[in-house]
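Notes follow once the structure below has been shown.
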Amino acid sequence: IFLDTNILLNYYGMSSTDKVKLKTFFIEKIDRIKITHQIEREFQRNRISAIDDYFEELNKIKVNYKQDLQDGIKNKFNNILQSKIIEKDFPEIRISIEKIYKELEEKLFNNVSLRDDINSTVDNILNENKHLEYLDPILEIYSNFEKIPDLDEEEIIYLKACYAENLEIYKEVKDSIKDKYSFPGCGEKKDKDPYGDYIIFHEILKFMAAEKKDVIFLTRDVTKSDWLQKSRKPFLHYIEKVYQLTGHYLYIFDATDLLSMISFENIYQVDEAPDVQDDDNTTFYRNQFNHLVDSIEEALYSDISENS
């Protein structure tokens, strides 16, 4: 199991419940989880920023409650109540709005106790995590993940050249067939170091070829649609190319909705997965897995038939 950098970085902004689930998954699968050199570089480079963003979001809760809920909604109500048209032409509506305003005045606008509770709760969380940069529970677990061997300098130079060449081809093709020319990193918008996903992809390929193993790659970076299609289905040419080069399968999954079933048993141990009748997520990902396997078999048998 390989984790994209965003799986690690998104931990900091998760709810406490989801943090516990993700940590549990990391601990349970610690002997299966691998980290590439590029993922390690990106995690170390962006970890502090992710922690700062988490603190900023916590502080926003206090500000947003006061400005948006208490003051903001109160001002919007006052704008309506002060309208002469509403006062003279829609008096019954104004009475109804005024009644709601008076209820909210006690429950929200002048509710100092609730505001203090929110501020106090947020401040407590900030205080508990004030040393998160140094006392980081996820960093402690991360340190036990196996780091696979780095690519050498010549390989990196070669991949960067390939990336530039493939990107030019990708940009030139028509939108209707762009999916067939996609590759990890082709949707990258940043100009500085755009090669990250492309390098990660080839680090994983080298591992698969050397270790003769199938790999699951979990990512939350799906908006660019270069790890997965917009439908969240895999790119078939990724699977075919990886199999051609390594003799093994690379399964890429969007981990965004997987926290409710963080064991991932139904991905790589389908037959052993518990039969959950009412879990839509479980059904979806089991079907996705079976569809993926069927697509691989169909493509391989199709190639064999055409060549024979």
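Please note that chains go A, B, ... in the order of the structure tokens, that every chain numbers its residues from 1, and that ligands are numbered from 1 in the order shown.
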Write out as number ranges by chain each polymer residue whose atoms come within 8 Å of Trp227 of chain A, counting only C-alpha atoms; drop sequence neighbours fewer than 5 positions from it.
A: 183-185, 221-222, 234-235, 252
Enumerate as a PyMOL selection string all residues of segment 35-261 of chain A assigned to helix (DSSP H, G or I) by DSSP on the backbone, naming them with the chain letters and numbers the document uses.
chain A and resi 37-81+84-89+91-109+112-128+137-142+153-172+175-181+196-211+236-246+259-261
Exercise: Ile95 of chain A partners within 10 Å, only C-alpha atoms, chain neighbours under 5 positions left out, as an mmCIF file with C-alpha atoms, in the first residue's frame:
data_model
loop_
_atom_site.group_PDB
_atom_site.id
_atom_site.type_symbol
_atom_site.label_atom_id
_atom_site.label_comp_id
_atom_site.auth_asym_id
_atom_site.auth_seq_id
_atom_site.Cartn_x
_atom_site.Cartn_y
_atom_site.Cartn_z
ATOM 1 C CA LEU A 81 -36.963 44.882 8.650
ATOM 2 C CA ILE A 86 -41.822 45.500 3.246
ATOM 3 C CA GLU A 87 -43.126 47.629 6.117
ATOM 4 C CA PHE A 90 -46.069 43.377 3.168
ATOM 5 C CA ILE A 100 -38.189 35.003 13.988
ATOM 6 C CA TYR A 101 -35.751 37.835 14.696
#
Between A:Ile51, A:Phe145, A:Ile39, A:Lys130, which is the closest to Tyr198 of chain A once you count only C-alpha atoms?
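Selected residue with least distance to Tyr198 of chain A: A:Ile39.
From atom CA of Lys160 of chain A back to atom CA of Lys174 of chain A, the distance works out to 23.7 Å.
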Determine which residues of segment 2-236 of chain A DSSP labels as strand (DSSP E) from the backbone of this structure, then write them out as a PDB file with N, CA and C atoms, in the first residue's frame.
ATOM      1  N   PHE A   2       0.721   2.083  -1.005  1.00  0.00           N
ATOM      2  CA  PHE A   2       1.448   3.352  -1.052  1.00  0.00           C
ATOM      3  C   PHE A   2       0.471   4.493  -0.773  1.00  0.00           C
ATOM      4  N   LEU A   3       0.895   5.426   0.044  1.00  0.00           N
ATOM      5  CA  LEU A   3       0.068   6.578   0.399  1.00  0.00           C
ATOM      6  C   LEU A   3       0.561   7.806  -0.341  1.00  0.00           C
ATOM      7  N   LYS A  34       4.160   1.574   2.298  1.00  0.00           N
ATOM      8  CA  LYS A  34       5.470   1.990   1.802  1.00  0.00           C
ATOM      9  C   LYS A  34       5.427   3.486   1.473  1.00  0.00           C
ATOM     10  N   ILE A  35       6.583   4.128   1.587  1.00  0.00           N
ATOM     11  CA  ILE A  35       6.715   5.547   1.274  1.00  0.00           C
ATOM     12  C   ILE A  35       7.849   5.714   0.265  1.00  0.00           C
ATOM     13  N   GLU A 146       7.987   1.809   5.856  1.00  0.00           N
ATOM     14  CA  GLU A 146       9.187   1.435   5.099  1.00  0.00           C
ATOM     15  C   GLU A 146       9.406   2.424   3.960  1.00  0.00           C
ATOM     16  N   LYS A 147      10.600   2.961   3.879  1.00  0.00           N
ATOM     17  CA  LYS A 147      10.980   3.859   2.781  1.00  0.00           C
ATOM     18  C   LYS A 147      11.654   3.025   1.698  1.00  0.00           C
ATOM     19  N   VAL A 215       0.306  -3.434  -6.231  1.00  0.00           N
ATOM     20  CA  VAL A 215       0.323  -2.269  -5.342  1.00  0.00           C
ATOM     21  C   VAL A 215      -1.039  -1.581  -5.345  1.00  0.00           C
ATOM     22  N   ILE A 216      -1.450  -1.114  -4.175  1.00  0.00           N
ATOM     23  CA  ILE A 216      -2.602  -0.218  -4.032  1.00  0.00           C
ATOM     24  C   ILE A 216      -2.051   1.170  -3.747  1.00  0.00           C
ATOM     25  N   PHE A 217      -2.477   2.139  -4.535  1.00  0.00           N
ATOM     26  CA  PHE A 217      -2.073   3.529  -4.320  1.00  0.00           C
ATOM     27  C   PHE A 217      -3.298   4.331  -3.905  1.00  0.00           C
ATOM     28  N   LEU A 218      -3.239   4.924  -2.724  1.00  0.00           N
ATOM     29  CA  LEU A 218      -4.359   5.700  -2.184  1.00  0.00           C
ATOM     30  C   LEU A 218      -4.049   7.187  -2.291  1.00  0.00           C
ATOM     31  N   THR A 219      -4.962   7.932  -2.875  1.00  0.00           N
ATOM     32  CA  THR A 219      -4.751   9.363  -3.059  1.00  0.00           C
ATOM     33  C   THR A 219      -6.041  10.120  -2.786  1.00  0.00           C
TER      34      THR A 219
END
So which residues touch Arg220 of chain A within 12 Å, counting only C-alpha atoms, skipping near sequence neighbours fewer than 3 positions away, as a list in words?
Leu3, Asp4, Thr5, Asn6, Ile7, Leu8, Leu9, Asn10, Tyr11, Phe217, Thr223, Lys224, Ser225, Asp226, Trp227, Leu228, Arg232, Ile252, Phe253, Asp254, Ala255, Thr256, Asp257, Leu258 and Leu259 of chain A
If we count only C-alpha atoms and set the cut-off at 10 Å, which residues sit around Leu132 of chain A, ignoring sequence neighbours fewer than 5 positions away in its own chain? Please answer as an MDAnalysis selection string.
chainID A and resid 12 48 51:52 126:127 137:139
Output C-alpha atoms for every residue in the selection just made, as a PDB file, in the first residue's frame.
ATOM      1  CA  TYR A  12      -4.036  17.499  10.275  1.00  0.00           C
ATOM      2  CA  ILE A  48       4.415  22.545   8.925  1.00  0.00           C
ATOM      3  CA  ILE A  51      -0.318  22.231  10.671  1.00  0.00           C
ATOM      4  CA  ASP A  52      -0.471  26.041  10.317  1.00  0.00           C
ATOM      5  CA  LEU A 126      -5.264  24.971  20.196  1.00  0.00           C
ATOM      6  CA  ASN A 127      -3.549  24.703  23.566  1.00  0.00           C
ATOM      7  CA  PRO A 137       1.415  11.503  16.605  1.00  0.00           C
ATOM      8  CA  ILE A 138       1.234  10.954  12.855  1.00  0.00           C
ATOM      9  CA  LEU A 139       4.933  11.713  12.442  1.00  0.00           C
TER      10      LEU A 139
END
Neighbours of segment 77-79 of chain A within 9 Å (only C-alpha atoms; same-chain residues fewer than 5 positions away dropped), as a PyMOL selection string?
chain A and resi 72+97-98+101
